[in-house]
Each structure stands twice: as C-alpha cells, then as structure tokens.
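Beneath this line is the structure, given in structure tokens, with notes to follow.
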Amino acid sequence: MSDAAQPTAAEVRAAAEAIKAALDHHLEAVERRTGDDDPAVYDAFNALAAAAEFYDELLYDRYDEVTPFEIPGAEDSLPPYAGPEEPNALSVLIRRDYAVVEPPRLLAQAQRIADLDPDDRVDGSAAVVGSSVHAALGVLFGEYEPDEIASRHTEFGLEEGDSTLWVTAAEELPEAGEWLGAPFDEADPQLVVCRFDVSAVFDEDESDEEPVGLVVDSS
C-alpha cells in the first residue's frame, strides 16, 4: 500500500477507541441478556468482531503490525443477514460427521435391528446385513432419527467429528418436492438466523493454559 493510501495515526487511534466501546457494549449486553439466544448479545458480538477486524487492518496498513485477535477470513464467516425481519418459514440445515471406528459393532447392531423388523423378512427369514457397512448404515439410519444416533453413536461403533446446524429464514415454504434432488445447493448464508458449530478445534482452544487474545468466530 502506498503512503498516500495508508490510514493516518488518528484513524488507527479512532479504530482502537471503537474496539473499547464495542467491548463495553458487548459486556453490557451480556450482563442484561434475557436468554441464551438474546439478539442483543448476538448483535453486540458481531459489532465487536467488526471493530476488531477493522482495527487489525488499519494497524497493519499503518504500522505493519498485527494483533492477537483471530479474525476469520471471508470464506470462514457468514455475510450480514439479509433475510426477512419476521420470517414466515424456516429451514434447518444439519451436517454431522462420524468415523466408523468399530465396524463389527456397527454390523452387529444393524443385524440386531434387522432381525427385529418383520418388514424386512422374506419367506420368514430376516434380512442379512452381512459384512456390508453400506447396508448397516442404511438399516441404522432407517431405524433411528439422526438426533438419537448422535446421542448413542458409541453404541453403533461411530466416533463424532465436526457438526454444524444452520437455521435459515424464508418468506414462505418452498413447493413440495422442489429441493429434494439437491437439498443443500440453494442454502443462502445471508439468510442464516443462527448457527451452532461443534468441533474438536474449539475444545483445543479452550484447553490452552494462556489466552491468546480475542477469538472471534461465526459459531
């Protein structure tokens, strides 16, 4: 960046003061929160994140210096909400990752379910899962709701990975069957009302003995 385009020292100082004000506002919102999903806290969090990112950029441009703040890149964060203020419909998008760590347990549990299901019997014989993990997963997810599998995953020889849940807003429900062929293709990040992420990365951050600064993420 050229000298002419660099921010002034006064602009950097003003950005630092904006962070202080955003910190105070965030703390006040937390102290007055009315519940876990208080929109005032959410708004204050986003304002603090924006102030921190702006200050970080100016500090680097002016002094070639960085902060201990960890600001997510554009590809990691959600854009500003641009949906209806009072949505008439919503969509819940869920992704959960699992590792198959005990295939024999998975196969045995799936066979047990198949043995108990009369709809899978042919000529009086129970369906056979055999050694097919694909067949076992089909039986498992056909029998249980995803939330129950999440709570009992160790019983089925699975190990949890990352997961995320997005709640998106809409003016009205889509036509029946409209998106079934590609259910996640038209998910618009600008319509996300709230988002909940679970990852071992967060557990590792919390286990650090010394804080590394303000961590701002979209979860």
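Every chain in the structure tokens takes a letter, A first, then B, and so on in the order presented; its residues are numbered from 1, and the ligands are numbered from 1 following the presented order.
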
Find the spatial neighbours of Ala40 of chain A, counting only C-alpha atoms, within a cut-off of 10 Å - ignore same-chain residues fewer than 5 positions away - and output them as a PDB file with N, CA, C and O atoms, in the first residue's frame.
```
ATOM      1  N   HIS A  25     -19.920  -2.317  25.160  1.00  0.00           N
ATOM      2  CA  HIS A  25     -21.294  -2.597  24.715  1.00  0.00           C
ATOM      3  C   HIS A  25     -21.582  -4.095  24.788  1.00  0.00           C
ATOM      4  O   HIS A  25     -22.678  -4.504  25.203  1.00  0.00           O
ATOM      5  N   HIS A  26     -20.610  -4.907  24.402  1.00  0.00           N
ATOM      6  CA  HIS A  26     -20.792  -6.358  24.447  1.00  0.00           C
ATOM      7  C   HIS A  26     -20.968  -6.831  25.887  1.00  0.00           C
ATOM      8  O   HIS A  26     -21.849  -7.659  26.179  1.00  0.00           O
ATOM      9  N   GLU A  28     -22.064  -5.082  28.428  1.00  0.00           N
ATOM     10  CA  GLU A  28     -23.370  -4.623  28.910  1.00  0.00           C
ATOM     11  C   GLU A  28     -24.490  -5.514  28.379  1.00  0.00           C
ATOM     12  O   GLU A  28     -25.428  -5.850  29.112  1.00  0.00           O
ATOM     13  N   ALA A  29     -24.397  -5.924  27.112  1.00  0.00           N
ATOM     14  CA  ALA A  29     -25.415  -6.793  26.531  1.00  0.00           C
ATOM     15  C   ALA A  29     -25.428  -8.149  27.216  1.00  0.00           C
ATOM     16  O   ALA A  29     -26.494  -8.726  27.476  1.00  0.00           O
ATOM     17  N   VAL A  30     -24.238  -8.677  27.532  1.00  0.00           N
ATOM     18  CA  VAL A  30     -24.152  -9.960  28.221  1.00  0.00           C
ATOM     19  C   VAL A  30     -24.737  -9.854  29.625  1.00  0.00           C
ATOM     20  O   VAL A  30     -25.458 -10.749  30.088  1.00  0.00           O
ATOM     21  N   ARG A  32     -27.053  -7.938  30.598  1.00  0.00           N
ATOM     22  CA  ARG A  32     -28.507  -7.733  30.548  1.00  0.00           C
ATOM     23  C   ARG A  32     -29.225  -8.824  29.761  1.00  0.00           C
ATOM     24  O   ARG A  32     -30.420  -8.717  29.533  1.00  0.00           O
ATOM     25  N   ARG A  33     -28.510  -9.863  29.366  1.00  0.00           N
ATOM     26  CA  ARG A  33     -29.097 -10.863  28.479  1.00  0.00           C
ATOM     27  C   ARG A  33     -30.347 -11.476  29.086  1.00  0.00           C
ATOM     28  O   ARG A  33     -30.446 -11.679  30.300  1.00  0.00           O
ATOM     29  N   THR A  34     -31.303 -11.793  28.224  1.00  0.00           N
ATOM     30  CA  THR A  34     -32.580 -12.353  28.657  1.00  0.00           C
ATOM     31  C   THR A  34     -32.693 -13.846  28.387  1.00  0.00           C
ATOM     32  O   THR A  34     -33.706 -14.450  28.694  1.00  0.00           O
ATOM     33  N   PHE A  45     -21.939  -8.967  19.712  1.00  0.00           N
ATOM     34  CA  PHE A  45     -20.825  -9.837  19.316  1.00  0.00           C
ATOM     35  C   PHE A  45     -20.358  -9.497  17.905  1.00  0.00           C
ATOM     36  O   PHE A  45     -19.155  -9.359  17.638  1.00  0.00           O
ATOM     37  N   ASN A  46     -21.311  -9.361  16.983  1.00  0.00           N
ATOM     38  CA  ASN A  46     -20.955  -9.048  15.602  1.00  0.00           C
ATOM     39  C   ASN A  46     -20.301  -7.675  15.486  1.00  0.00           C
ATOM     40  O   ASN A  46     -19.371  -7.482  14.705  1.00  0.00           O
TER      41      ASN A  46
END
```

- Message: At a cut-off of 12 Å, using only C-alpha atoms, what residues contact Gln6 of chain A? Leave out same-chain residues fewer than 5 positions from it and give the result as a ChimeraX atom specification.
- Response: /A:1,11-12,57-64

Requested write-out: N, CA and C atoms of the selected residues, as a tab-separated table (two decimals), in the first residue's frame:
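So the final result, stored in part_38.tsv, reads:
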```tsv
chain	number	residue	atom	x	y	z
A	1	MET	N	0.85	-1.20	0.00
A	1	MET	CA	0.00	0.00	0.00
A	1	MET	C	0.88	1.24	0.00
A	11	GLU	N	-6.62	7.84	12.58
A	11	GLU	CA	-7.62	6.84	12.19
A	11	GLU	C	-7.39	5.52	12.93
A	12	VAL	N	-6.12	5.14	13.09
A	12	VAL	CA	-5.81	3.93	13.84
A	12	VAL	C	-6.24	4.09	15.29
A	57	GLU	N	-6.88	-4.36	10.51
A	57	GLU	CA	-6.49	-3.96	9.16
A	57	GLU	C	-5.75	-2.63	9.16
A	58	LEU	N	-6.27	-1.65	9.91
A	58	LEU	CA	-5.63	-0.34	9.94
A	58	LEU	C	-4.26	-0.40	10.59
A	59	LEU	N	-4.15	-1.17	11.65
A	59	LEU	CA	-2.88	-1.30	12.36
A	59	LEU	C	-1.81	-1.88	11.45
A	60	TYR	N	-2.19	-2.87	10.68
A	60	TYR	CA	-1.23	-3.49	9.77
A	60	TYR	C	-0.86	-2.53	8.63
A	61	ASP	N	-1.86	-1.85	8.08
A	61	ASP	CA	-1.60	-0.94	6.97
A	61	ASP	C	-0.72	0.23	7.38
A	62	ARG	N	-0.92	0.72	8.60
A	62	ARG	CA	-0.17	1.90	9.06
A	62	ARG	C	1.20	1.54	9.63
A	63	TYR	N	1.24	0.49	10.45
A	63	TYR	CA	2.46	0.19	11.20
A	63	TYR	C	3.08	-1.18	10.86
A	64	ASP	N	2.47	-1.91	9.93
A	64	ASP	CA	2.95	-3.25	9.61
A	64	ASP	C	3.02	-4.11	10.87
```

- Interatomic distance, atom CA of Glu102 of chain A to atom CA of Glu145 of chain A (Å, one decimal): 20.5 Å

- Task: Among the residues of segment 32-87 of chain A, find those DSSP assigns to alpha helix (DSSP H) from the backbone and print them as an MDAnalysis selection string.
- Result: chainID A and resid 39:63

- Kindly indicate which residue among A:Val193, A:Ala9, A:Ile149, A:Val167 lies nearest to Tyr55 of chain A, using only C-alpha atoms for the distances.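 Using only C-alpha atoms, the shortest distance to Tyr55 of chain A belongs to A:Ala9.
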
- Query: Pick the closest to Glu171 of chain A from A:Val201, A:Ala114, A:Ala18, A:Ala89: which is it, counting only C-alpha atoms?
  - Reply: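 That would be A:Ala89, the residue with the smallest distance to Glu171 of chain A.
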
- Message: One number please: atom CA of Gly161 of chain A to atom CA of Tyr98 of chain A, in Å, one decimal.
- Response: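 The value is 5.2 Å.
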
- Task: Have a look at atom CA of Ala170 of chain A and atom CA of Pro87 of chain A and let me know their distance in Å, one decimal.
- Result: 5.5 Å

List as a CSV table (one decimal) with all heavy atoms, in the first residue's frame the protein and nucleic acid residues near Gly138 of chain A, meaning an atom at most 10 Å away when only C-alpha atoms are counted, but skip any in the same chain fewer than 5 places from it.
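Result written to part-v2.csv:
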```
chain,number,residue,atom,x,y,z
A,110,ALA,N,-26.7,-53.3,13.5
A,110,ALA,CA,-27.6,-53.3,12.4
A,110,ALA,C,-28.3,-54.6,12.1
A,110,ALA,O,-29.5,-54.7,11.8
A,110,ALA,CB,-26.8,-52.9,11.1
A,129,VAL,N,-27.5,-58.4,7.0
A,129,VAL,CA,-26.6,-57.3,6.8
A,129,VAL,C,-25.3,-57.8,6.3
A,129,VAL,O,-24.6,-57.2,5.4
A,129,VAL,CB,-26.4,-56.4,8.1
A,129,VAL,CG1,-25.4,-55.3,7.9
A,129,VAL,CG2,-27.8,-55.8,8.5
A,132,SER,N,-21.5,-55.8,5.0
A,132,SER,CA,-21.7,-54.6,4.2
A,132,SER,C,-21.9,-53.4,5.2
A,132,SER,O,-23.0,-53.3,5.8
A,132,SER,CB,-22.8,-54.7,3.2
A,132,SER,OG,-23.1,-53.4,2.7
A,133,VAL,N,-20.9,-52.5,5.3
A,133,VAL,CA,-21.1,-51.3,6.1
A,133,VAL,C,-22.2,-50.4,5.5
A,133,VAL,O,-23.0,-49.8,6.2
A,133,VAL,CB,-19.8,-50.5,6.2
A,133,VAL,CG1,-20.0,-49.2,6.8
A,133,VAL,CG2,-18.7,-51.3,7.0
A,143,GLU,N,-33.8,-46.8,10.9
A,143,GLU,CA,-34.5,-47.1,12.1
A,143,GLU,C,-34.5,-45.9,13.1
A,143,GLU,O,-35.5,-45.7,13.8
A,143,GLU,CB,-33.8,-48.3,12.8
A,143,GLU,CG,-34.3,-48.7,14.1
A,143,GLU,CD,-35.7,-49.4,14.0
A,143,GLU,OE1,-36.1,-49.7,12.9
A,143,GLU,OE2,-36.4,-49.5,15.1
```

- Query: Pick from A:Cys194, A:Ala200, A:Ser91, A:Pro104: nearest to Asp36 of chain A, with only C-alpha atoms counted?
  - Reply: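 Among A:Cys194, A:Ala200, A:Ser91, A:Pro104, it is A:Cys194 that comes nearest to Asp36 of chain A.
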
- Message: With only C-alpha atoms as the counted atoms, please give the residues lying no more than 6 Å from Leu106 of chain A, apart from itself and same-chain residues fewer than 3 positions off, as a list in words.
- Response: Pro103, Gln109, Phe156 and Gly157 of chain A

Save the residues we just selected, all heavy atoms, as a PDB file, in the first residue's frame?
```
ATOM      1  N   PRO A 103     -16.269 -51.248  13.024  1.00  0.00           N
ATOM      2  CA  PRO A 103     -17.189 -51.867  12.057  1.00  0.00           C
ATOM      3  C   PRO A 103     -17.914 -53.098  12.589  1.00  0.00           C
ATOM      4  O   PRO A 103     -19.126 -53.243  12.322  1.00  0.00           O
ATOM      5  CB  PRO A 103     -16.268 -52.198  10.877  1.00  0.00           C
ATOM      6  CG  PRO A 103     -15.141 -51.220  10.981  1.00  0.00           C
ATOM      7  CD  PRO A 103     -14.922 -51.029  12.448  1.00  0.00           C
ATOM      8  N   GLN A 109     -24.991 -54.385  15.459  1.00  0.00           N
ATOM      9  CA  GLN A 109     -26.163 -53.609  15.858  1.00  0.00           C
ATOM     10  C   GLN A 109     -27.174 -53.531  14.718  1.00  0.00           C
ATOM     11  O   GLN A 109     -28.381 -53.621  14.936  1.00  0.00           O
ATOM     12  CB  GLN A 109     -25.733 -52.198  16.288  1.00  0.00           C
ATOM     13  CG  GLN A 109     -24.957 -52.133  17.596  1.00  0.00           C
ATOM     14  CD  GLN A 109     -25.873 -52.219  18.798  1.00  0.00           C
ATOM     15  OE1 GLN A 109     -26.963 -52.794  18.734  1.00  0.00           O
ATOM     16  NE2 GLN A 109     -25.464 -51.648  19.914  1.00  0.00           N
ATOM     17  N   PHE A 156     -23.030 -47.702  18.301  1.00  0.00           N
ATOM     18  CA  PHE A 156     -23.038 -48.172  16.918  1.00  0.00           C
ATOM     19  C   PHE A 156     -21.637 -48.181  16.304  1.00  0.00           C
ATOM     20  O   PHE A 156     -21.493 -48.291  15.082  1.00  0.00           O
ATOM     21  CB  PHE A 156     -23.970 -47.305  16.085  1.00  0.00           C
ATOM     22  CG  PHE A 156     -25.357 -47.191  16.654  1.00  0.00           C
ATOM     23  CD1 PHE A 156     -25.904 -45.964  16.976  1.00  0.00           C
ATOM     24  CD2 PHE A 156     -26.110 -48.325  16.896  1.00  0.00           C
ATOM     25  CE1 PHE A 156     -27.183 -45.855  17.505  1.00  0.00           C
ATOM     26  CE2 PHE A 156     -27.387 -48.237  17.429  1.00  0.00           C
ATOM     27  CZ  PHE A 156     -27.926 -47.002  17.747  1.00  0.00           C
ATOM     28  N   GLY A 157     -20.618 -48.058  17.142  1.00  0.00           N
ATOM     29  CA  GLY A 157     -19.250 -48.108  16.635  1.00  0.00           C
ATOM     30  C   GLY A 157     -18.829 -46.867  15.882  1.00  0.00           C
ATOM     31  O   GLY A 157     -17.932 -46.926  15.033  1.00  0.00           O
TER      32      GLY A 157
END
```

- Query: Which one is closest to Leu173 of chain A: A:Ala22, A:Leu90, A:Ala15, A:Val198? Count only C-alpha atoms.
  - Reply: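 Smallest separation from Leu173 of chain A among the options: A:Leu90.
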